[in-house]
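Everything below belongs to target-v6.txt, which stores compact mmCIF, C-alpha atoms.
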# COMPACT_ATOMS: atom_id res chain seq x y z
CA ARG A 1 -80.92 0.38 -90.87
CA ALA A 2 -83.34 -2.19 -89.52
CA PHE A 3 -86.63 -3.73 -90.56
CA GLU A 4 -89.68 -1.52 -90.21
CA ILE A 5 -91.72 -3.30 -87.56
CA SER A 6 -95.47 -3.57 -88.07
CA SER A 7 -98.04 -6.03 -86.75
CA THR A 8 -98.81 -7.34 -90.24
CA TRP A 9 -95.12 -8.04 -90.86
CA LEU A 10 -93.92 -9.18 -87.46
CA LEU A 11 -95.88 -12.39 -86.75
CA PRO A 12 -95.36 -13.98 -90.19
CA SER A 13 -91.66 -13.10 -89.97
CA LEU A 14 -91.33 -14.62 -86.50
CA GLU A 15 -92.88 -17.85 -87.79
CA HIS A 16 -90.78 -17.85 -90.96
CA PHE A 17 -87.40 -17.38 -89.29
CA LEU A 18 -88.28 -19.72 -86.42
CA ARG A 19 -88.58 -22.48 -89.01
CA LEU A 20 -85.08 -21.73 -90.27
CA SER A 21 -83.84 -21.64 -86.66
CA VAL A 22 -85.25 -25.12 -86.05
CA ALA A 23 -84.16 -26.52 -89.43
CA VAL A 24 -80.47 -26.01 -88.63
CA TYR A 25 -80.82 -28.51 -85.73
CA GLY A 26 -81.37 -31.31 -88.24
CA TRP A 27 -83.69 -34.30 -88.31
CA ARG A 28 -83.37 -35.26 -84.64
CA MET A 29 -84.87 -32.02 -83.40
CA VAL A 30 -87.60 -31.93 -86.05
CA SER A 31 -88.61 -35.49 -85.11
CA ILE A 32 -89.37 -34.13 -81.61
CA THR A 33 -90.87 -30.73 -82.41
CA HIS A 34 -92.89 -31.75 -85.50
CA PRO A 35 -93.27 -35.56 -85.41
CA HIS A 36 -96.20 -35.72 -87.85
CA GLU A 37 -94.35 -33.68 -90.45
CA PHE A 38 -91.21 -35.71 -89.81
CA HIS A 39 -92.97 -39.02 -90.50
CA ARG A 40 -94.90 -37.60 -93.45
CA CYS A 41 -91.57 -36.64 -95.03
CA LYS A 42 -90.12 -40.10 -94.25
CA GLY A 43 -87.73 -38.72 -91.69
CA TYR A 44 -85.99 -36.55 -94.27
CA GLY A 45 -83.84 -39.61 -94.94
CA LEU A 46 -82.30 -39.06 -91.48
CA SER A 47 -80.15 -36.40 -93.14
CA ASP A 48 -79.46 -33.08 -91.41
CA LEU A 49 -78.71 -31.38 -94.72
CA ARG A 50 -81.91 -32.63 -96.30
CA THR A 51 -83.83 -31.50 -93.20
CA LEU A 52 -82.29 -28.04 -93.51
CA SER A 53 -83.41 -27.87 -97.13
CA GLU A 54 -86.87 -29.44 -96.97
CA TYR A 55 -88.06 -28.43 -93.51
CA GLY A 56 -86.43 -25.02 -93.80
CA GLY A 57 -87.89 -24.47 -97.28
CA VAL A 58 -84.50 -23.72 -98.82
CA PRO A 59 -83.67 -25.32 -102.20
CA PRO A 60 -80.23 -26.98 -102.09
CA HIS A 61 -78.72 -24.52 -104.57
CA LEU A 62 -79.57 -21.63 -102.21
CA ILE A 63 -77.59 -23.12 -99.31
CA LEU A 64 -74.35 -21.17 -99.52
CA GLN A 65 -72.38 -22.58 -96.60
CA TYR A 66 -73.02 -24.77 -93.60
CA ARG A 67 -71.44 -26.69 -90.76
CA LEU A 68 -73.97 -28.94 -89.06
CA GLY A 69 -71.69 -30.20 -86.29
CA ALA A 70 -70.41 -28.14 -83.37
CA LEU A 71 -66.99 -27.47 -81.91
CA THR A 72 -66.13 -25.49 -78.77
CA TYR A 73 -66.99 -21.84 -79.43
CA ARG A 74 -68.26 -22.90 -82.87
CA PRO A 75 -71.98 -23.78 -82.93
CA ALA A 76 -73.49 -25.37 -86.02
CA PHE A 77 -74.83 -22.90 -88.61
CA ALA A 78 -76.15 -22.47 -92.13
CA LEU A 79 -75.88 -19.50 -94.48
CA VAL A 80 -78.71 -19.47 -97.04
CA LEU A 81 -80.45 -17.26 -99.56
CA ASP A 82 -84.13 -16.69 -98.74
CA ALA A 83 -85.89 -15.47 -101.85
CA ALA A 84 -89.23 -15.31 -100.03
CA THR A 85 -88.02 -12.35 -97.94
CA ASN A 86 -85.14 -11.08 -100.09
CA SER A 87 -82.76 -11.92 -97.29
CA VAL A 88 -79.39 -13.50 -96.79
CA VAL A 89 -80.00 -15.59 -93.67
CA LEU A 90 -77.43 -16.83 -91.18
CA SER A 91 -79.13 -19.41 -88.96
CA ILE A 92 -77.26 -20.60 -85.86
CA ARG A 93 -78.09 -23.76 -83.96
CA GLY A 94 -78.74 -23.85 -80.24
CA SER A 95 -77.17 -26.15 -77.66
CA PHE A 96 -77.26 -29.72 -78.96
CA GLU A 97 -73.83 -31.21 -78.30
CA PHE A 98 -71.40 -31.30 -75.38
CA SER A 99 -69.16 -28.67 -76.98
CA ASP A 100 -72.17 -26.32 -77.08
CA LEU A 101 -72.53 -26.64 -73.31
CA LEU A 102 -68.91 -25.58 -72.84
CA THR A 103 -69.65 -22.45 -74.87
CA ASP A 104 -72.75 -21.81 -72.72
CA LEU A 105 -70.87 -22.19 -69.44
CA VAL A 106 -68.14 -19.65 -70.18
CA ALA A 107 -70.59 -17.05 -68.95
CA ALA A 108 -68.36 -14.33 -67.51
CA ALA A 109 -69.13 -10.80 -68.68
CA VAL A 110 -66.35 -9.32 -70.83
CA PRO A 111 -66.04 -5.93 -72.56
CA LEU A 112 -67.17 -5.50 -76.16
CA CYS A 113 -65.11 -2.72 -77.77
CA ASP A 114 -65.40 -0.95 -81.12
CA SER A 115 -62.60 -0.51 -83.65
CA LYS A 116 -61.26 2.43 -81.62
CA SER A 117 -61.08 0.31 -78.43
CA GLN A 118 -64.00 2.22 -76.91
CA GLN A 119 -66.10 -0.04 -74.70
CA LEU A 120 -69.65 -0.51 -76.01
CA GLY A 121 -70.85 -2.74 -73.20
CA ARG A 122 -70.29 -6.07 -71.49
CA VAL A 123 -71.31 -9.38 -73.05
CA HIS A 124 -71.30 -13.16 -72.52
CA ALA A 125 -67.69 -14.31 -73.05
CA GLY A 126 -68.32 -17.75 -74.57
CA MET A 127 -71.00 -16.57 -76.97
CA LEU A 128 -68.92 -13.57 -78.04
CA GLU A 129 -66.10 -15.94 -78.99
CA ALA A 130 -68.61 -18.09 -80.89
CA ALA A 131 -69.99 -15.04 -82.71
CA LYS A 132 -66.50 -13.95 -83.79
CA ASN A 133 -65.63 -17.47 -84.98
CA ILE A 134 -68.79 -17.91 -87.05
CA LEU A 135 -68.49 -14.43 -88.54
CA ASN A 136 -64.92 -15.17 -89.60
CA GLU A 137 -66.02 -18.51 -91.04
CA VAL A 138 -68.80 -17.08 -93.23
CA ARG A 139 -67.35 -13.64 -93.98
CA THR A 140 -66.32 -14.32 -97.59
CA SER A 141 -69.58 -16.08 -98.56
CA LEU A 142 -71.66 -13.47 -96.76
CA VAL A 143 -70.03 -10.49 -98.44
CA GLU A 144 -70.22 -12.14 -101.87
CA ALA A 145 -73.92 -12.90 -101.41
CA LEU A 146 -74.80 -9.35 -100.38
CA GLU A 147 -72.75 -7.88 -103.23
CA LEU A 148 -74.57 -10.13 -105.67
CA HIS A 149 -78.03 -9.43 -104.23
CA VAL A 150 -78.10 -5.66 -103.93
CA GLY A 151 -80.98 -4.44 -101.79
CA TRP A 152 -81.35 -7.69 -99.86
CA ARG A 153 -81.31 -7.76 -96.07
CA LEU A 154 -79.13 -9.70 -93.68
CA VAL A 155 -81.08 -11.73 -91.13
CA VAL A 156 -79.31 -13.52 -88.29
CA CYS A 157 -81.51 -15.98 -86.41
CA GLY A 158 -81.26 -18.73 -83.86
CA HIS A 159 -82.72 -20.45 -80.82
CA SER A 160 -81.22 -20.59 -77.31
CA LEU A 161 -77.42 -20.56 -77.69
CA GLY A 162 -77.97 -19.74 -81.37
CA ALA A 163 -80.11 -16.75 -80.40
CA GLY A 164 -77.41 -15.38 -78.11
CA VAL A 165 -74.76 -15.79 -80.80
CA ALA A 166 -77.10 -14.20 -83.38
CA ALA A 167 -77.57 -11.15 -81.15
CA LEU A 168 -73.81 -10.75 -80.72
CA ILE A 169 -73.10 -11.20 -84.44
CA THR A 170 -75.58 -8.37 -85.00
CA ALA A 171 -73.62 -6.25 -82.53
CA LEU A 172 -70.34 -7.10 -84.24
CA VAL A 173 -71.44 -6.27 -87.80
CA THR A 174 -73.28 -3.08 -86.88
CA LEU A 175 -71.17 -1.56 -84.09
CA VAL A 176 -67.70 -3.10 -84.14
CA GLU A 177 -66.38 -4.10 -87.54
CA THR A 178 -68.94 -3.22 -90.18
CA PRO A 179 -67.63 -4.37 -93.58
CA VAL A 180 -68.08 -1.85 -96.41
CA THR A 181 -70.60 -4.21 -98.03
CA LEU A 182 -72.84 -4.11 -94.94
CA ARG A 183 -72.89 -0.37 -94.39
CA ASN A 184 -76.06 0.10 -96.42
CA VAL A 185 -77.63 -3.25 -95.60
CA ALA A 186 -80.55 -3.69 -93.19
CA VAL A 187 -79.43 -6.08 -90.44
CA THR A 188 -81.92 -7.73 -88.10
CA ALA A 189 -81.72 -10.63 -85.65
CA PHE A 190 -84.60 -12.93 -84.74
CA CYS A 191 -83.73 -14.48 -81.39
CA TYR A 192 -85.92 -17.23 -79.90
CA GLY A 193 -85.43 -18.05 -76.21
CA CYS A 194 -82.37 -15.83 -76.14
CA PRO A 195 -80.18 -16.06 -73.03
CA PRO A 196 -78.91 -12.84 -71.38
CA VAL A 197 -75.86 -11.96 -73.49
CA MET A 198 -75.39 -8.19 -73.12
CA ASP A 199 -75.81 -5.43 -70.57
CA PRO A 200 -78.86 -3.11 -70.61
CA GLU A 201 -76.99 -0.22 -72.23
CA LEU A 202 -75.84 -2.25 -75.22
CA SER A 203 -79.25 -3.90 -75.48
CA GLN A 204 -80.83 -0.46 -75.67
CA ARG A 205 -78.53 0.53 -78.55
CA LEU A 206 -79.54 -2.56 -80.51
CA LYS A 207 -83.26 -2.68 -79.74
CA SER A 208 -84.23 -1.60 -83.27
CA ARG A 209 -82.24 -4.49 -84.76
CA ILE A 210 -82.83 -7.43 -82.42
CA ILE A 211 -86.25 -9.02 -82.04
CA THR A 212 -86.56 -11.53 -79.21
CA CYS A 213 -89.34 -14.03 -78.62
CA ILE A 214 -89.77 -15.79 -75.25
CA ALA A 215 -92.20 -18.62 -74.51
CA GLY A 216 -93.88 -18.01 -71.15
CA ASP A 217 -91.64 -18.74 -68.17
CA ASP A 218 -88.74 -20.21 -70.17
CA VAL A 219 -85.77 -20.23 -67.79
CA VAL A 220 -83.04 -19.71 -70.42
CA PRO A 221 -83.76 -16.00 -71.07
CA ARG A 222 -83.59 -15.42 -67.31
CA LEU A 223 -80.51 -17.50 -66.53
CA SER A 224 -77.22 -15.64 -66.01
CA CYS A 225 -74.42 -15.43 -63.45
CA HIS A 226 -76.14 -12.36 -62.01
CA SER A 227 -79.56 -14.04 -61.72
CA VAL A 228 -78.03 -17.16 -60.12
CA LYS A 229 -76.22 -15.01 -57.52
CA HIS A 230 -79.42 -13.06 -56.89
CA PHE A 231 -81.38 -16.31 -56.45
CA LYS A 232 -78.78 -17.64 -54.02
CA GLY A 233 -78.92 -14.43 -51.97
CA SER A 234 -82.72 -14.48 -51.88
CA MET A 235 -82.80 -18.11 -50.76
CA LEU A 236 -80.26 -17.51 -47.96
CA SER A 237 -82.18 -14.43 -46.82
CA ALA A 238 -85.46 -16.37 -46.76
CA LEU A 239 -83.88 -19.22 -44.83
CA LYS A 240 -82.41 -16.80 -42.31
CA GLN A 241 -85.83 -15.28 -41.70
CA LYS A 242 -87.45 -18.69 -41.29
CA LEU A 243 -84.74 -20.10 -39.00
CA PRO A 244 -86.36 -19.07 -35.67
CA GLN A 245 -89.64 -20.67 -36.78
CA VAL A 246 -87.81 -23.84 -37.80
CA GLN A 247 -86.11 -23.93 -34.36
CA ALA A 248 -89.44 -23.47 -32.60
CA ASN A 249 -91.06 -26.26 -34.62
CA LEU A 250 -88.20 -28.63 -33.84
CA ASN A 251 -88.45 -27.86 -30.12
CA LYS A 252 -92.22 -28.39 -30.21
CA GLU A 253 -91.88 -31.71 -31.99
CA GLY A 254 -89.25 -32.72 -29.44
CA GLY A 255 -91.72 -32.22 -26.58
CA GLY A 256 -89.89 -29.29 -25.07
CA GLY A 257 -86.77 -31.32 -24.41
CA GLU A 258 -83.23 -30.27 -25.01
CA LYS A 259 -82.89 -27.94 -27.98
CA GLU A 260 -81.29 -29.31 -31.07
CA ASP A 261 -78.64 -27.36 -32.89
CA VAL A 262 -79.90 -26.08 -36.23
CA PRO A 263 -77.14 -25.73 -38.79
CA HIS A 264 -76.56 -22.17 -39.96
CA HIS A 265 -74.76 -23.02 -43.23

Take the structure from the file and write it as structure tokens.
Amino acid sequence: RAFEISSTWLLPSLEHFLRLSVAVYGWRMVSITHPHEFHRCKGYGLSDLRTLSEYGGVPPHLILQYRLGALTYRPAFALVLDAATNSVVLSIRGSFEFSDLLTDLVAAAVPLCDSKSQQLGRVHAGMLEAAKNILNEVRTSLVEALELHVGWRLVVCGHSLGAGVAALITALVTLVETPVTLRNVAVTAFCYGCPPVMDPELSQRLKSRIITCIAGDDVVPRLSCHSVKHFKGSMLSALKQKLPQVQANLNKEGGGGEKEDVPHH
């Protein structure tokens, strides 16, 4: 089951869960993205936890679990109760520390298999490992929260790296290892500036559960091993086509003298 998407619901939800996706970054990010609000709130006491609560609009007693520092394959996250939307929300931070970059750069495509070892698709290796680690870390708190709040939804959200991990957590809990508690729970991911993390076939299977939002020509949602190889090939092809013209221009500038060797590599 997924959220019913309508125009009256979608835009307010995108704004609401974006705020939670930013809040998990802590006071440093909010000081950049919302400086007036940051100063009005006296810098949230330069506390990441206070920023999560006050900027994210989550009372402290509704913050169930959090880790606001990152490790390799373990981005920062917060698990909270969101009474405004009747949702249990898992918000995952984007790249903000060196260990996050290591997770980003392990970008090989690896198989994602279901419980019967049937391949569902191919996904980003580093972010899959991060998704598994976070899911294992919050599993007990998550299941307890959904058992206590019957009828609530599970929302997984994040920006950049956090968006990619959120998308893969959604794949894990709906297609791979769905706990009994989640079988009748609506699961939806809100992914902002999400990098390419899964192949088209798997993306198609999850399109009713994952909502992505991209700002203009943001490079992150277009950056993958495949796109880099394609860009390299296009550049080499363009250079090859232009090479005779470059040679002619060099000869012309040289006054028709001896031809200079133009490097081919």

Could you please determine the separation between CA of Ser160 in chain A and CA of Arg74 in chain A in Å, to one decimal place?
-> 14.3 Å

Residues within 12 Å of (-69.6, -11.4, -90.0), file coords, only C-alpha atoms, listed as a PyMOL selection string | chain A and resi 79+89-90+130-144+146+154-156+165-182+187

CA of Ala76 in chain A and CA of Tyr25 in chain A are how many Å apart?
->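 Separation between CA of Ala76 in chain A and CA of Tyr25 in chain A: 8.0 Å.
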
Atomic distance CA of Val185 in chain A - CA of Val110 in chain A, expressed in Å with one decimal = 27.9 Å

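For the residues A:Gln247, A:Asn184, A:Ser53, A:Asn86, ranking by smallest atom-to-atom distance to Val24 in chain A using all atoms listed in the file places A:Ser53 first.
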
Among the residues A:Val22, A:Pro75, A:Gly69, A:Arg40, the one that comes closest to Gly56 in chain A [using only C-alpha atoms] =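 Closest to Gly56 in chain A, using only C-alpha atoms: A:Val22.
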
Pick the closest to Asp82 in chain A from A:Leu102, A:Ile211, A:Leu20, A:Leu68: which is it, counting only C-alpha atoms?
-> A:Leu20

For range 19-33 of chain A, write N, CA and C atoms out as a PDB file, in the first residue's frame.
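So out_28.pdb came out as:
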ATOM      1  N   ARG A  19      11.287  19.484   5.248  1.00  0.00           N
ATOM      2  CA  ARG A  19      11.752  20.115   6.491  1.00  0.00           C
ATOM      3  C   ARG A  19      12.391  19.082   7.421  1.00  0.00           C
ATOM      4  N   LEU A  20      11.800  17.910   7.502  1.00  0.00           N
ATOM      5  CA  LEU A  20      12.386  16.849   8.329  1.00  0.00           C
ATOM      6  C   LEU A  20      13.688  16.325   7.715  1.00  0.00           C
ATOM      7  N   SER A  21      13.770  16.360   6.384  1.00  0.00           N
ATOM      8  CA  SER A  21      14.997  15.915   5.713  1.00  0.00           C
ATOM      9  C   SER A  21      16.145  16.889   5.947  1.00  0.00           C
ATOM     10  N   VAL A  22      15.828  18.172   6.068  1.00  0.00           N
ATOM     11  CA  VAL A  22      16.851  19.186   6.351  1.00  0.00           C
ATOM     12  C   VAL A  22      17.204  19.187   7.832  1.00  0.00           C
ATOM     13  N   ALA A  23      16.201  19.006   8.684  1.00  0.00           N
ATOM     14  CA  ALA A  23      16.411  19.084  10.139  1.00  0.00           C
ATOM     15  C   ALA A  23      17.445  18.086  10.629  1.00  0.00           C
ATOM     16  N   VAL A  24      17.520  16.924   9.987  1.00  0.00           N
ATOM     17  CA  VAL A  24      18.446  15.883  10.449  1.00  0.00           C
ATOM     18  C   VAL A  24      19.907  16.253  10.162  1.00  0.00           C
ATOM     19  N   TYR A  25      20.140  17.278   9.317  1.00  0.00           N
ATOM     20  CA  TYR A  25      21.501  17.768   9.094  1.00  0.00           C
ATOM     21  C   TYR A  25      22.039  18.513  10.315  1.00  0.00           C
ATOM     22  N   GLY A  26      21.142  19.096  11.108  1.00  0.00           N
ATOM     23  CA  GLY A  26      21.601  19.847  12.270  1.00  0.00           C
ATOM     24  C   GLY A  26      21.741  21.338  12.004  1.00  0.00           C
ATOM     25  N   TRP A  27      22.264  22.042  12.988  1.00  0.00           N
ATOM     26  CA  TRP A  27      22.278  23.507  12.958  1.00  0.00           C
ATOM     27  C   TRP A  27      23.174  24.077  11.866  1.00  0.00           C
ATOM     28  N   ARG A  28      24.229  23.406  11.487  1.00  0.00           N
ATOM     29  CA  ARG A  28      25.134  23.954  10.467  1.00  0.00           C
ATOM     30  C   ARG A  28      24.430  24.110   9.129  1.00  0.00           C
ATOM     31  N   MET A  29      23.684  23.109   8.729  1.00  0.00           N
ATOM     32  CA  MET A  29      22.973  23.188   7.464  1.00  0.00           C
ATOM     33  C   MET A  29      21.856  24.226   7.523  1.00  0.00           C
ATOM     34  N   VAL A  30      21.102  24.262   8.606  1.00  0.00           N
ATOM     35  CA  VAL A  30      20.001  25.215   8.718  1.00  0.00           C
ATOM     36  C   VAL A  30      20.518  26.647   8.717  1.00  0.00           C
ATOM     37  N   SER A  31      21.713  26.866   9.262  1.00  0.00           N
ATOM     38  CA  SER A  31      22.290  28.216   9.256  1.00  0.00           C
ATOM     39  C   SER A  31      22.563  28.686   7.834  1.00  0.00           C
ATOM     40  N   ILE A  32      22.741  27.751   6.897  1.00  0.00           N
ATOM     41  CA  ILE A  32      22.995  28.084   5.495  1.00  0.00           C
ATOM     42  C   ILE A  32      21.692  28.185   4.712  1.00  0.00           C
ATOM     43  N   THR A  33      20.809  27.221   4.903  1.00  0.00           N
ATOM     44  CA  THR A  33      19.578  27.170   4.100  1.00  0.00           C
ATOM     45  C   THR A  33      18.516  28.149   4.584  1.00  0.00           C
TER      46      THR A  33
END
